[in-house]
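Q: Structure file final-v3.cif, mmCIF, C-alpha atoms and all ligand atoms, is pasted below:
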data_input
loop_
_atom_site.group_PDB
_atom_site.id
_atom_site.type_symbol
_atom_site.label_atom_id
_atom_site.label_comp_id
_atom_site.auth_asym_id
_atom_site.auth_seq_id
_atom_site.Cartn_x
_atom_site.Cartn_y
_atom_site.Cartn_z
ATOM 1 C CA MET A 15 120.255 69.351 92.084
ATOM 2 C CA ALA A 16 119.701 70.990 95.464
ATOM 3 C CA ASN A 17 117.075 69.423 97.706
ATOM 4 C CA TYR A 18 114.783 72.447 97.646
ATOM 5 C CA ALA A 19 112.076 70.913 99.854
ATOM 6 C CA GLU A 20 114.525 70.210 102.672
ATOM 7 C CA ILE A 21 116.280 73.570 102.441
ATOM 8 C CA ILE A 22 113.005 75.521 102.222
ATOM 9 C CA THR A 23 111.537 73.668 105.220
ATOM 10 C CA LYS A 24 114.595 74.429 107.333
ATOM 11 C CA ILE A 25 114.749 78.119 106.423
ATOM 12 C CA TYR A 26 110.973 78.482 106.760
ATOM 13 C CA ASN A 27 111.226 77.283 110.365
ATOM 14 C CA ASP A 28 114.291 79.458 111.053
ATOM 15 C CA THR A 29 112.428 82.480 109.686
ATOM 16 C CA LEU A 30 109.388 81.771 111.856
ATOM 17 C CA ALA A 31 111.673 81.739 114.883
ATOM 18 C CA ILE A 32 113.057 85.250 114.350
ATOM 19 C CA LYS A 33 111.201 88.322 115.493
ATOM 20 C CA ASP A 34 109.243 89.874 112.616
ATOM 21 C CA LYS A 35 110.310 93.518 112.823
ATOM 22 C CA GLY A 36 108.076 94.627 109.948
ATOM 23 C CA SER A 37 104.704 96.334 110.048
ATOM 24 C CA LEU A 38 101.580 96.091 107.905
ATOM 25 C CA ALA A 39 100.978 98.555 105.070
ATOM 26 C CA THR A 40 98.165 100.752 106.340
ATOM 27 C CA TYR A 41 98.027 103.508 103.719
ATOM 28 C CA ILE A 42 95.639 101.229 101.777
ATOM 29 C CA SER A 43 93.151 100.666 104.586
ATOM 30 C CA GLU A 44 91.953 97.255 103.371
ATOM 31 C CA LEU A 45 95.506 95.887 103.484
ATOM 32 C CA ALA A 46 95.597 96.613 107.195
ATOM 33 C CA ASN A 47 92.967 93.885 107.696
ATOM 34 C CA THR A 48 95.380 91.124 106.661
ATOM 35 C CA ASP A 49 96.427 88.545 109.270
ATOM 36 C CA SER A 50 100.017 89.633 109.802
ATOM 37 C CA ASN A 51 101.192 86.201 110.988
ATOM 38 C CA LYS A 52 100.668 84.530 107.621
ATOM 39 C CA PHE A 53 103.757 83.103 105.974
ATOM 40 C CA GLY A 54 103.914 80.956 102.856
ATOM 41 C CA VAL A 55 106.584 79.889 100.376
ATOM 42 C CA TYR A 56 106.294 78.129 97.017
ATOM 43 C CA ILE A 57 108.946 77.220 94.460
ATOM 44 C CA THR A 58 108.215 76.297 90.846
ATOM 45 C CA THR A 59 111.254 74.726 89.251
ATOM 46 C CA VAL A 60 111.828 74.379 85.522
ATOM 47 C CA ASP A 61 112.430 70.655 86.019
ATOM 48 C CA ASP A 62 109.229 69.858 87.897
ATOM 49 C CA ALA A 63 110.452 69.737 91.496
ATOM 50 C CA SER A 64 107.925 72.232 92.842
ATOM 51 C CA PHE A 65 107.250 72.532 96.572
ATOM 52 C CA GLY A 66 105.226 74.667 98.975
ATOM 53 C CA ILE A 67 105.089 75.235 102.721
ATOM 54 C CA GLY A 68 102.941 77.221 105.168
ATOM 55 C CA ASP A 69 100.210 79.508 103.841
ATOM 56 C CA TYR A 70 101.213 79.085 100.194
ATOM 57 C CA LEU A 71 97.642 78.480 99.006
ATOM 58 C CA GLU A 72 96.143 81.530 100.735
ATOM 59 C CA SER A 73 95.312 84.517 98.567
ATOM 60 C CA PHE A 74 96.798 87.942 99.047
ATOM 61 C CA SER A 75 96.931 91.197 97.128
ATOM 62 C CA ILE A 76 99.462 91.088 94.272
ATOM 63 C CA GLN A 77 100.116 94.858 94.477
ATOM 64 C CA SER A 78 103.341 95.995 92.789
ATOM 65 C CA ILE A 79 104.328 92.512 91.659
ATOM 66 C CA VAL A 80 101.740 93.010 88.925
ATOM 67 C CA LYS A 81 103.924 95.754 87.433
ATOM 68 C CA VAL A 82 106.193 93.088 85.939
ATOM 69 C CA LEU A 83 103.190 91.537 84.184
ATOM 70 C CA SER A 84 101.861 94.862 82.855
ATOM 71 C CA LEU A 85 105.330 95.516 81.485
ATOM 72 C CA ALA A 86 105.543 92.019 79.975
ATOM 73 C CA ILE A 87 102.256 92.462 78.082
ATOM 74 C CA ALA A 88 103.063 96.014 76.961
ATOM 75 C CA TYR A 89 106.510 94.913 75.757
ATOM 76 C CA LYS A 90 105.206 91.781 74.039
ATOM 77 C CA LEU A 91 102.492 93.663 72.163
ATOM 78 C CA PHE A 92 104.088 97.017 71.469
ATOM 79 C CA GLY A 93 107.810 96.283 71.314
ATOM 80 C CA GLU A 94 110.677 98.689 71.764
ATOM 81 C CA ASP A 95 108.510 101.805 71.370
ATOM 82 C CA ILE A 96 107.495 101.541 75.009
ATOM 83 C CA TRP A 97 110.981 102.699 76.042
ATOM 84 C CA LYS A 98 110.192 106.132 74.640
ATOM 85 C CA ARG A 99 107.665 106.466 77.457
ATOM 86 C CA VAL A 100 109.426 104.820 80.390
ATOM 87 C CA ASP A 101 113.127 104.480 81.222
ATOM 88 C CA VAL A 102 115.081 101.542 82.698
ATOM 89 C CA GLU A 103 117.170 103.239 85.392
ATOM 90 C CA PRO A 104 116.914 102.489 89.123
ATOM 91 C CA SER A 105 115.245 105.382 90.894
ATOM 92 C CA GLY A 106 116.932 105.198 94.296
ATOM 93 C CA ASN A 107 113.647 106.557 95.618
ATOM 94 C CA SER A 108 110.510 105.140 97.172
ATOM 95 C CA PHE A 109 107.870 103.488 94.968
ATOM 96 C CA ASN A 110 105.448 106.406 95.087
ATOM 97 C CA SER A 111 107.924 109.252 94.758
ATOM 98 C CA LEU A 112 107.280 112.183 92.413
ATOM 99 C CA ILE A 113 110.593 113.895 92.903
ATOM 100 C CA GLN A 114 112.377 112.872 89.683
ATOM 101 C CA LEU A 115 109.414 113.192 87.351
ATOM 102 C CA GLU A 116 109.679 116.917 86.727
ATOM 103 C CA ALA A 117 113.430 116.858 86.104
ATOM 104 C CA ASP A 118 112.960 113.902 83.742
ATOM 105 C CA ASN A 119 110.160 115.634 81.750
ATOM 106 C CA GLY A 120 107.500 113.155 82.785
ATOM 107 C CA ILE A 121 109.435 110.010 81.800
ATOM 108 C CA PRO A 122 109.363 107.658 84.816
ATOM 109 C CA ARG A 123 112.722 106.211 85.813
ATOM 110 C CA ASN A 124 111.518 102.616 85.358
ATOM 111 C CA PRO A 125 108.335 100.554 84.899
ATOM 112 C CA PHE A 126 108.309 99.275 88.501
ATOM 113 C CA ILE A 127 107.824 102.522 90.376
ATOM 114 C CA ASN A 128 104.198 103.670 90.512
ATOM 115 C CA ALA A 129 104.730 106.361 87.850
ATOM 116 C CA GLY A 130 106.171 103.771 85.446
ATOM 117 C CA ALA A 131 103.348 101.298 86.020
ATOM 118 C CA ILE A 132 100.771 104.046 85.508
ATOM 119 C CA VAL A 133 102.374 104.686 82.097
ATOM 120 C CA THR A 134 102.322 100.976 81.168
ATOM 121 C CA SER A 135 98.651 100.852 82.256
ATOM 122 C CA ASP A 136 97.984 103.757 79.872
ATOM 123 C CA ILE A 137 99.763 101.897 77.034
ATOM 124 C CA LEU A 138 97.653 98.775 77.647
ATOM 125 C CA LEU A 139 94.477 100.817 77.766
ATOM 126 C CA SER A 140 95.260 102.506 74.433
ATOM 127 C CA TYR A 141 95.861 99.315 72.526
ATOM 128 C CA LEU A 142 93.732 96.563 74.074
ATOM 129 C CA PRO A 143 89.966 96.894 73.618
ATOM 130 C CA ASP A 144 89.132 94.826 76.708
ATOM 131 C CA THR A 145 92.248 95.384 78.781
ATOM 132 C CA ARG A 146 90.926 93.887 82.007
ATOM 133 C CA LYS A 147 89.803 90.659 80.355
ATOM 134 C CA TYR A 148 93.029 90.331 78.331
ATOM 135 C CA PHE A 149 95.076 90.745 81.493
ATOM 136 C CA LEU A 150 93.119 88.146 83.449
ATOM 137 C CA ASP A 151 93.250 85.609 80.611
ATOM 138 C CA PHE A 152 97.011 86.129 80.367
ATOM 139 C CA ILE A 153 97.737 85.478 84.035
ATOM 140 C CA ARG A 154 95.138 82.705 84.414
ATOM 141 C CA GLU A 155 96.790 80.730 81.635
ATOM 142 C CA LEU A 156 100.264 81.175 83.119
ATOM 143 C CA ALA A 157 99.102 80.314 86.640
ATOM 144 C CA GLY A 158 96.951 77.403 85.482
ATOM 145 C CA ASN A 159 94.235 78.885 87.702
ATOM 146 C CA ASP A 160 90.968 80.155 86.197
ATOM 147 C CA ASP A 161 89.828 81.579 89.541
ATOM 148 C CA LEU A 162 92.267 84.506 89.530
ATOM 149 C CA ASP A 163 90.348 87.768 89.686
ATOM 150 C CA TYR A 164 90.327 91.445 90.619
ATOM 151 C CA CYS A 165 89.314 92.443 94.149
ATOM 152 C CA GLU A 166 86.872 95.342 94.105
ATOM 153 C CA ARG A 167 87.254 95.924 97.831
ATOM 154 C CA ILE A 168 90.997 96.557 97.524
ATOM 155 C CA ALA A 169 90.676 98.621 94.337
ATOM 156 C CA ASP A 170 88.051 100.837 96.030
ATOM 157 C CA SER A 171 90.262 101.181 99.057
ATOM 158 C CA GLU A 172 93.175 102.286 96.852
ATOM 159 C CA TRP A 173 90.990 104.901 95.181
ATOM 160 C CA ALA A 174 89.874 106.208 98.567
ATOM 161 C CA THR A 175 93.406 107.127 99.671
ATOM 162 C CA GLY A 176 95.191 107.220 96.321
ATOM 163 C CA TYR A 177 96.127 110.889 96.474
ATOM 164 C CA ARG A 178 99.731 110.306 95.469
ATOM 165 C CA ASN A 179 98.876 108.043 92.548
ATOM 166 C CA ILE A 180 96.215 110.502 91.409
ATOM 167 C CA ALA A 181 98.821 113.272 91.595
ATOM 168 C CA ILE A 182 101.383 111.170 89.689
ATOM 169 C CA CYS A 183 98.904 110.343 86.911
ATOM 170 C CA ASN A 184 97.853 113.967 86.475
ATOM 171 C CA PHE A 185 101.466 115.121 86.562
ATOM 172 C CA LEU A 186 102.328 112.572 83.835
ATOM 173 C CA LYS A 187 99.370 113.814 81.804
ATOM 174 C CA SER A 188 100.716 117.374 82.001
ATOM 175 C CA PHE A 189 103.845 116.079 80.211
ATOM 176 C CA ASP A 190 101.687 114.297 77.590
ATOM 177 C CA ASN A 191 102.869 110.935 78.839
ATOM 178 C CA ILE A 192 99.291 109.755 79.482
ATOM 179 C CA GLN A 193 97.047 109.412 76.442
ATOM 180 C CA ASN A 194 93.788 108.334 78.084
ATOM 181 C CA ASP A 195 91.501 109.862 80.684
ATOM 182 C CA PRO A 196 93.547 109.815 83.942
ATOM 183 C CA ASN A 197 90.577 108.353 85.836
ATOM 184 C CA GLU A 198 90.411 105.375 83.482
ATOM 185 C CA VAL A 199 94.156 104.845 83.689
ATOM 186 C CA LEU A 200 94.097 104.942 87.491
ATOM 187 C CA ASP A 201 91.112 102.627 87.599
ATOM 188 C CA LEU A 202 93.019 100.052 85.542
ATOM 189 C CA TYR A 203 96.172 100.552 87.645
ATOM 190 C CA PHE A 204 94.301 100.108 90.953
ATOM 191 C CA ASN A 205 92.473 97.068 89.635
ATOM 192 C CA LEU A 206 95.689 95.440 88.450
ATOM 193 C CA CYS A 207 97.230 95.974 91.901
ATOM 194 C CA SER A 208 94.134 94.451 93.517
ATOM 195 C CA ILE A 209 94.387 91.014 91.855
ATOM 196 C CA GLU A 210 94.355 88.196 94.410
ATOM 197 C CA VAL A 211 96.940 85.441 94.050
ATOM 198 C CA ASN A 212 98.658 82.874 96.215
ATOM 199 C CA CYS A 213 102.338 81.890 96.310
ATOM 200 C CA LYS A 214 101.771 78.943 93.987
ATOM 201 C CA ASP A 215 100.003 81.103 91.377
ATOM 202 C CA LEU A 216 102.793 83.654 91.415
ATOM 203 C CA SER A 217 105.600 81.106 91.141
ATOM 204 C CA ASN A 218 103.799 79.423 88.254
ATOM 205 C CA ILE A 219 103.252 82.751 86.488
ATOM 206 C CA PHE A 220 106.827 83.894 87.028
ATOM 207 C CA SER A 221 108.333 80.582 85.923
ATOM 208 C CA LEU A 222 108.012 82.232 82.499
ATOM 209 C CA PHE A 223 110.931 84.489 83.431
ATOM 210 C CA ALA A 224 113.000 81.522 84.633
ATOM 211 C CA ASN A 225 112.295 79.607 81.432
ATOM 212 C CA GLU A 226 113.485 82.052 78.744
ATOM 213 C CA GLY A 227 109.946 83.303 78.093
ATOM 214 C CA ARG A 228 108.409 79.852 77.459
ATOM 215 C CA MET A 229 105.516 78.432 79.442
ATOM 216 C CA LEU A 230 106.479 75.390 81.488
ATOM 217 C CA ASN A 231 104.771 72.165 80.391
ATOM 218 C CA LYS A 232 103.450 73.810 77.219
ATOM 219 C CA ASN A 233 105.662 74.511 74.297
ATOM 220 C CA LYS A 234 104.446 78.085 74.090
ATOM 221 C CA GLN A 235 106.852 80.995 73.683
ATOM 222 C CA VAL A 236 105.141 83.959 75.370
ATOM 223 C CA LEU A 237 108.058 86.410 75.424
ATOM 224 C CA THR A 238 111.215 86.299 73.335
ATOM 225 C CA LYS A 239 114.469 85.331 75.049
ATOM 226 C CA SER A 240 115.684 88.896 74.679
ATOM 227 C CA GLN A 241 112.504 90.397 76.187
ATOM 228 C CA THR A 242 112.760 87.953 79.096
ATOM 229 C CA LYS A 243 116.388 88.797 79.740
ATOM 230 C CA ARG A 244 115.603 92.499 79.710
ATOM 231 C CA ILE A 245 112.633 92.211 82.080
ATOM 232 C CA ASN A 246 114.795 90.126 84.429
ATOM 233 C CA ALA A 247 117.465 92.834 84.243
ATOM 234 C CA ILE A 248 114.926 95.483 85.278
ATOM 235 C CA MET A 249 113.726 93.267 88.145
ATOM 236 C CA GLN A 250 117.343 92.981 89.257
ATOM 237 C CA THR A 251 118.038 96.714 89.174
ATOM 238 C CA CYS A 252 114.619 98.159 90.082
ATOM 239 C CA GLY A 253 112.481 95.427 91.701
ATOM 240 C CA PHE A 254 112.837 96.658 95.291
ATOM 241 C CA TYR A 255 112.811 100.445 94.879
ATOM 242 C CA ASP A 256 115.457 102.045 97.074
ATOM 243 C CA GLN A 257 116.362 98.599 98.435
ATOM 244 C CA SER A 258 117.178 97.118 94.998
ATOM 245 C CA GLY A 259 120.933 97.289 95.583
ATOM 246 C CA ASP A 260 120.553 95.634 98.970
ATOM 247 C CA PHE A 261 118.418 92.822 97.505
ATOM 248 C CA ALA A 262 121.018 92.183 94.770
ATOM 249 C CA PHE A 263 123.747 92.247 97.434
ATOM 250 C CA ARG A 264 121.992 89.975 99.924
ATOM 251 C CA VAL A 265 119.966 87.659 97.668
ATOM 252 C CA GLY A 266 121.524 87.944 94.214
ATOM 253 C CA LEU A 267 118.435 87.239 92.101
ATOM 254 C CA PRO A 268 116.076 89.326 89.987
ATOM 255 C CA GLY A 269 112.805 89.820 91.844
ATOM 256 C CA LYS A 270 109.819 91.990 92.620
ATOM 257 C CA SER A 271 108.032 92.889 95.817
ATOM 258 C CA GLY A 272 104.571 94.239 96.620
ATOM 259 C CA VAL A 273 103.037 95.990 99.630
ATOM 260 C CA GLY A 274 100.687 93.013 100.031
ATOM 261 C CA GLY A 275 103.772 91.257 101.467
ATOM 262 C CA GLY A 276 104.621 89.099 98.457
ATOM 263 C CA ILE A 277 108.070 88.757 96.904
ATOM 264 C CA VAL A 278 108.881 86.781 93.763
ATOM 265 C CA ALA A 279 112.483 85.970 92.845
ATOM 266 C CA ILE A 280 113.741 84.286 89.703
ATOM 267 C CA HIS A 281 116.750 82.084 89.118
ATOM 268 C CA PRO A 282 116.999 81.972 85.309
ATOM 269 C CA GLU A 283 116.992 78.381 84.056
ATOM 270 C CA ARG A 284 116.241 77.028 87.547
ATOM 271 C CA TYR A 285 113.175 78.360 89.359
ATOM 272 C CA ALA A 286 110.735 81.056 90.428
ATOM 273 C CA ILE A 287 110.192 81.311 94.198
ATOM 274 C CA THR A 288 107.489 83.301 96.008
ATOM 275 C CA THR A 289 107.331 84.262 99.662
ATOM 276 C CA TRP A 290 104.369 85.890 101.343
ATOM 277 C CA SER A 291 104.507 87.503 104.758
ATOM 278 C CA PRO A 292 102.524 90.737 105.148
ATOM 279 C CA LYS A 293 104.676 92.795 107.508
ATOM 280 C CA LEU A 294 106.966 95.162 105.608
ATOM 281 C CA ASN A 295 110.321 96.733 106.389
ATOM 282 C CA GLU A 296 110.807 100.504 106.210
ATOM 283 C CA LYS A 297 111.400 100.299 102.421
ATOM 284 C CA GLY A 298 108.040 98.580 101.804
ATOM 285 C CA ASN A 299 109.422 95.063 101.257
ATOM 286 C CA SER A 300 108.347 91.999 103.291
ATOM 287 C CA TYR A 301 110.589 91.646 106.337
ATOM 288 C CA ARG A 302 110.407 87.857 106.583
ATOM 289 C CA GLY A 303 110.479 87.449 102.794
ATOM 290 C CA MET A 304 113.787 89.285 102.557
ATOM 291 C CA TYR A 305 115.237 87.243 105.416
ATOM 292 C CA PHE A 306 114.021 83.963 103.919
ATOM 293 C CA LEU A 307 115.389 84.669 100.427
ATOM 294 C CA GLU A 308 118.767 85.811 101.684
ATOM 295 C CA ASN A 309 119.138 82.554 103.565
ATOM 296 C CA PHE A 310 117.745 80.524 100.671
ATOM 297 C CA THR A 311 120.415 81.641 98.184
ATOM 298 C CA THR A 312 123.061 81.309 100.899
ATOM 299 C CA GLU A 313 122.077 77.699 101.655
ATOM 300 C CA THR A 314 121.604 76.613 98.041
ATOM 301 C CA GLU A 315 124.759 78.489 96.993
ATOM 302 C CA PHE A 316 123.035 79.467 93.751
ATOM 303 C CA SER A 317 122.519 83.026 92.687
ATOM 304 C CA ILE A 318 123.059 84.716 89.359
ATOM 305 C CA PHE A 319 126.374 86.174 90.514
HETATM 306 O O1 LIG B 401 99.971 102.114 94.183
HETATM 307 C C1 LIG B 401 100.257 101.665 95.278
HETATM 308 O O2 LIG B 401 100.708 102.351 96.173
HETATM 309 C C2 LIG B 401 100.044 100.192 95.497
HETATM 310 N N1 LIG B 401 98.906 99.746 94.758
HETATM 311 C C3 LIG B 401 101.246 99.384 95.070
HETATM 312 C C4 LIG B 401 102.507 99.739 95.823
HETATM 313 C C5 LIG B 401 103.426 98.603 96.050
HETATM 314 O O3 LIG B 401 103.077 97.452 96.056
HETATM 315 C C6 LIG B 401 104.811 98.973 96.374
HETATM 316 N N2 LIG B 401 105.581 97.814 96.733
HETATM 317 N N3 LIG B 401 106.297 97.535 97.591
#
Show me this structure written as structure tokens.

A:
Amino acid sequence: MANYAEIITKIYNDTLAIKDKGSLATYISELANTDSNKFGVYITTVDDASFGIGDYLESFSIQSIVKVLSLAIAYKLFGEDIWKRVDVEPSGNSFNSLIQLEADNGIPRNPFINAGAIVTSDILLSYLPDTRKYFLDFIRELAGNDDLDYCERIADSEWATGYRNIAICNFLKSFDNIQNDPNEVLDLYFNLCSIEVNCKDLSNIFSLFANEGRMLNKNKQVLTKSQTKRINAIMQTCGFYDQSGDFAFRVGLPGKSGVGGGIVAIHPERYAITTWSPKLNEKGNSYRGMYFLENFTTETEFSIF
């Protein structure tokens, strides 16, 4: 087995030494208050060789990484019917784009662009009486951390400047692809994006996707093997918006990014790794996170390809 601790420490230091050419997300004003120098990494391995370095215990905003978890719950509870409402094709467009929605009759290209995650939020809201509590319980159990919670400050800040998301949700409603009140759907969506996590929480949660849908250390099958494989496939093809091809090319793992600066990547049957560094490249993905992960799969010589 690779010596992950040694390799991660080396690449962490190499990454700190390069110039961070990213910039903070400012369109959600609260995100602009983050300390942009933070950098943490945590790996959860399926064989108990976990390791963290830097700011891996500091909380940050989960943002779009949560879209994988909304999808996982919607898929687990409601099965294949969800694919009637959201497709599984890469969009080749930015995360908050509206451009394809009209041509595609209100069916979002995939569950990881904002339009797709707004539809999965609507599905959860229709079928779960206390959606917010169910969601928290689900991620707290996977993370092994009962402190995980929503952040009202961030959710309010998203509402304040959420013109695009508000437009997307109303546009979806005009195609009958939103069943609930758009304000309630958006409120759930913004709250899900606001959840505060650290690198360790995220790697623990996402170890599910590295472990064929079973919780590590508990013999509990949360997703079927087939559901897990499919969600990993969507992370591979759609996890980085219009940089998904580049991430597959440079890193070679399924993964998901968020504008809070987090990135999670999965090596099926080996590990889940999370990086957090808040400055983003022009595609909305963490600059240092991308650099770190490219070098990590290069050094370990493991990727899914
Ligand atoms: O809806 C938004 O714009 C944010 N709450 C989430 C966007 C995001 O994380 C995109 N990721 N890179």

Q: Using all atoms listed in the file, which residue out of A:Val199, A:Leu162, A:Leu138, A:Ile277 lies closest to ligand LIG 401 (chain B)?

A: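 Among the listed residues, A:Ile277 lies closest to ligand LIG 401 (chain B).
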
Q: Is it possible to get the axis-aligned box enclosing ligand LIG 401 (chain B) (all listed atoms, 8 Å extra per side) as JSON, with centre and edge lengths in Å rounded to one decimal?

A:
{"center_x": 102.6, "center_y": 99.9, "center_z": 95.9, "size_x": 23.4, "size_y": 20.9, "size_z": 19.4}

Q: Would you compute the distance between CA of Asp195 (chain A) and CA of Asn128 (chain A)? Give it in Å to one decimal.

A: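 Atom-to-atom, CA of Asp195 (chain A) to CA of Asn128 (chain A), that is 17.2 Å.
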
Q: Could the residues that lie within 8 Å of ligand LIG 401 (chain B), counting all atoms listed in the file, be listed as a list of chain:residue names?

A: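 Residues lying within 8 Å of ligand LIG 401 (chain B): A:Ile42, A:Ile76, A:Gln77, A:Ser78, A:Ile79, A:Phe109, A:Asn110, A:Ile127, A:Asn128, A:Glu172, A:Gly176, A:Asn179, A:Tyr203, A:Phe204, A:Cys207, A:Ser208, A:Phe254, A:Tyr255, A:Ser271, A:Gly272, A:Val273, A:Gly274, A:Gly275, A:Lys297, A:Gly298, A:Asn299.
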
Q: Kindly indicate which residue among A:Lys90, A:Arg264, A:His281, A:Arg167 lies nearest to Met304 (chain A), using all atoms listed in the file for the distances.

A: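 With all atoms listed in the file as the atom set, the closest residue is A:Arg264.
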
Q: Could you check how far CA of Phe310 (chain A) sits from CA of Ile21 (chain A), in Å to one decimal?

A: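 Interatomic distance here is 7.3 Å.
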
Q: Do a neighbour search on Leu91 (chain A) at 12 Å with only C-alpha atoms, toss out local chain neighbours closer than 3 positions, and write the hits as a count of residues only.

A: 19

Q: Which distance in Å separates CA of Ala157 (chain A) and CA of Pro282 (chain A), to one decimal?

A: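 Separation between CA of Ala157 (chain A) and CA of Pro282 (chain A): 18.0 Å.
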
Q: Restricting the calculation to only C-alpha atoms, which member of A:Leu216, A:Ala224, A:Ala174, A:Ala169 is positioned closest to Asp201 (chain A)?

A: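 Looking only at the distances to Asp201 (chain A), the closest residue turns out to be A:Ala169.
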
Q: Could you list, as a list in words, every residue within 6 Å of Ile168 (chain A), counting only C-alpha atoms and ignoring same-chain residues fewer than 3 positions away?

A: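 Contacts, in chain order: Glu44, Cys165, Ser171 and Ser208 of chain A.
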
Q: Once the PyMOL selection byres (((chain A and resi 252) around 9) and not hetatm) has been applied to the shown file, what residues remain in the selection, as an NGL selection string?

A: :A and (102-106 or 124-127 or 247-251 or 253-259 or 268-270)

Q: Evaluate the PyMOL selection byres (((chain A and resi 313) around 12) and not hetatm) against this structure - the residues, as a ChimeraX atom specification, please.

A: /A:16-18,20-25,265,306-312,314-317

Q: Next, dump the selected residues to file, keeping only C-alpha atoms, as a CSV table (one decimal), in the frame of the given file.

A:
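Result written to part_5.csv:
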chain,number,residue,atom,x,y,z
A,16,ALA,CA,119.7,71.0,95.5
A,17,ASN,CA,117.1,69.4,97.7
A,18,TYR,CA,114.8,72.4,97.6
A,20,GLU,CA,114.5,70.2,102.7
A,21,ILE,CA,116.3,73.6,102.4
A,22,ILE,CA,113.0,75.5,102.2
A,23,THR,CA,111.5,73.7,105.2
A,24,LYS,CA,114.6,74.4,107.3
A,25,ILE,CA,114.7,78.1,106.4
A,265,VAL,CA,120.0,87.7,97.7
A,306,PHE,CA,114.0,84.0,103.9
A,307,LEU,CA,115.4,84.7,100.4
A,308,GLU,CA,118.8,85.8,101.7
A,309,ASN,CA,119.1,82.6,103.6
A,310,PHE,CA,117.7,80.5,100.7
A,311,THR,CA,120.4,81.6,98.2
A,312,THR,CA,123.1,81.3,100.9
A,314,THR,CA,121.6,76.6,98.0
A,315,GLU,CA,124.8,78.5,97.0
A,316,PHE,CA,123.0,79.5,93.8
A,317,SER,CA,122.5,83.0,92.7

Q: A:Val82, A:Ile180, A:Ala46, A:Ile57: which is nearest Arg244 (chain A), counting all atoms listed in the file?

A: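 Smallest distance to Arg244 (chain A) is found for A:Val82.
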
Q: With the PyMOL selection byres (((chain A and resi 286-288) around 9) and not hetatm) as the selection, what would be picked from this file? Answer as a ChimeraX atom specification, please.

A: /A:54-60,70,212-214,216-224,276-282,284-285,289-290,303,307
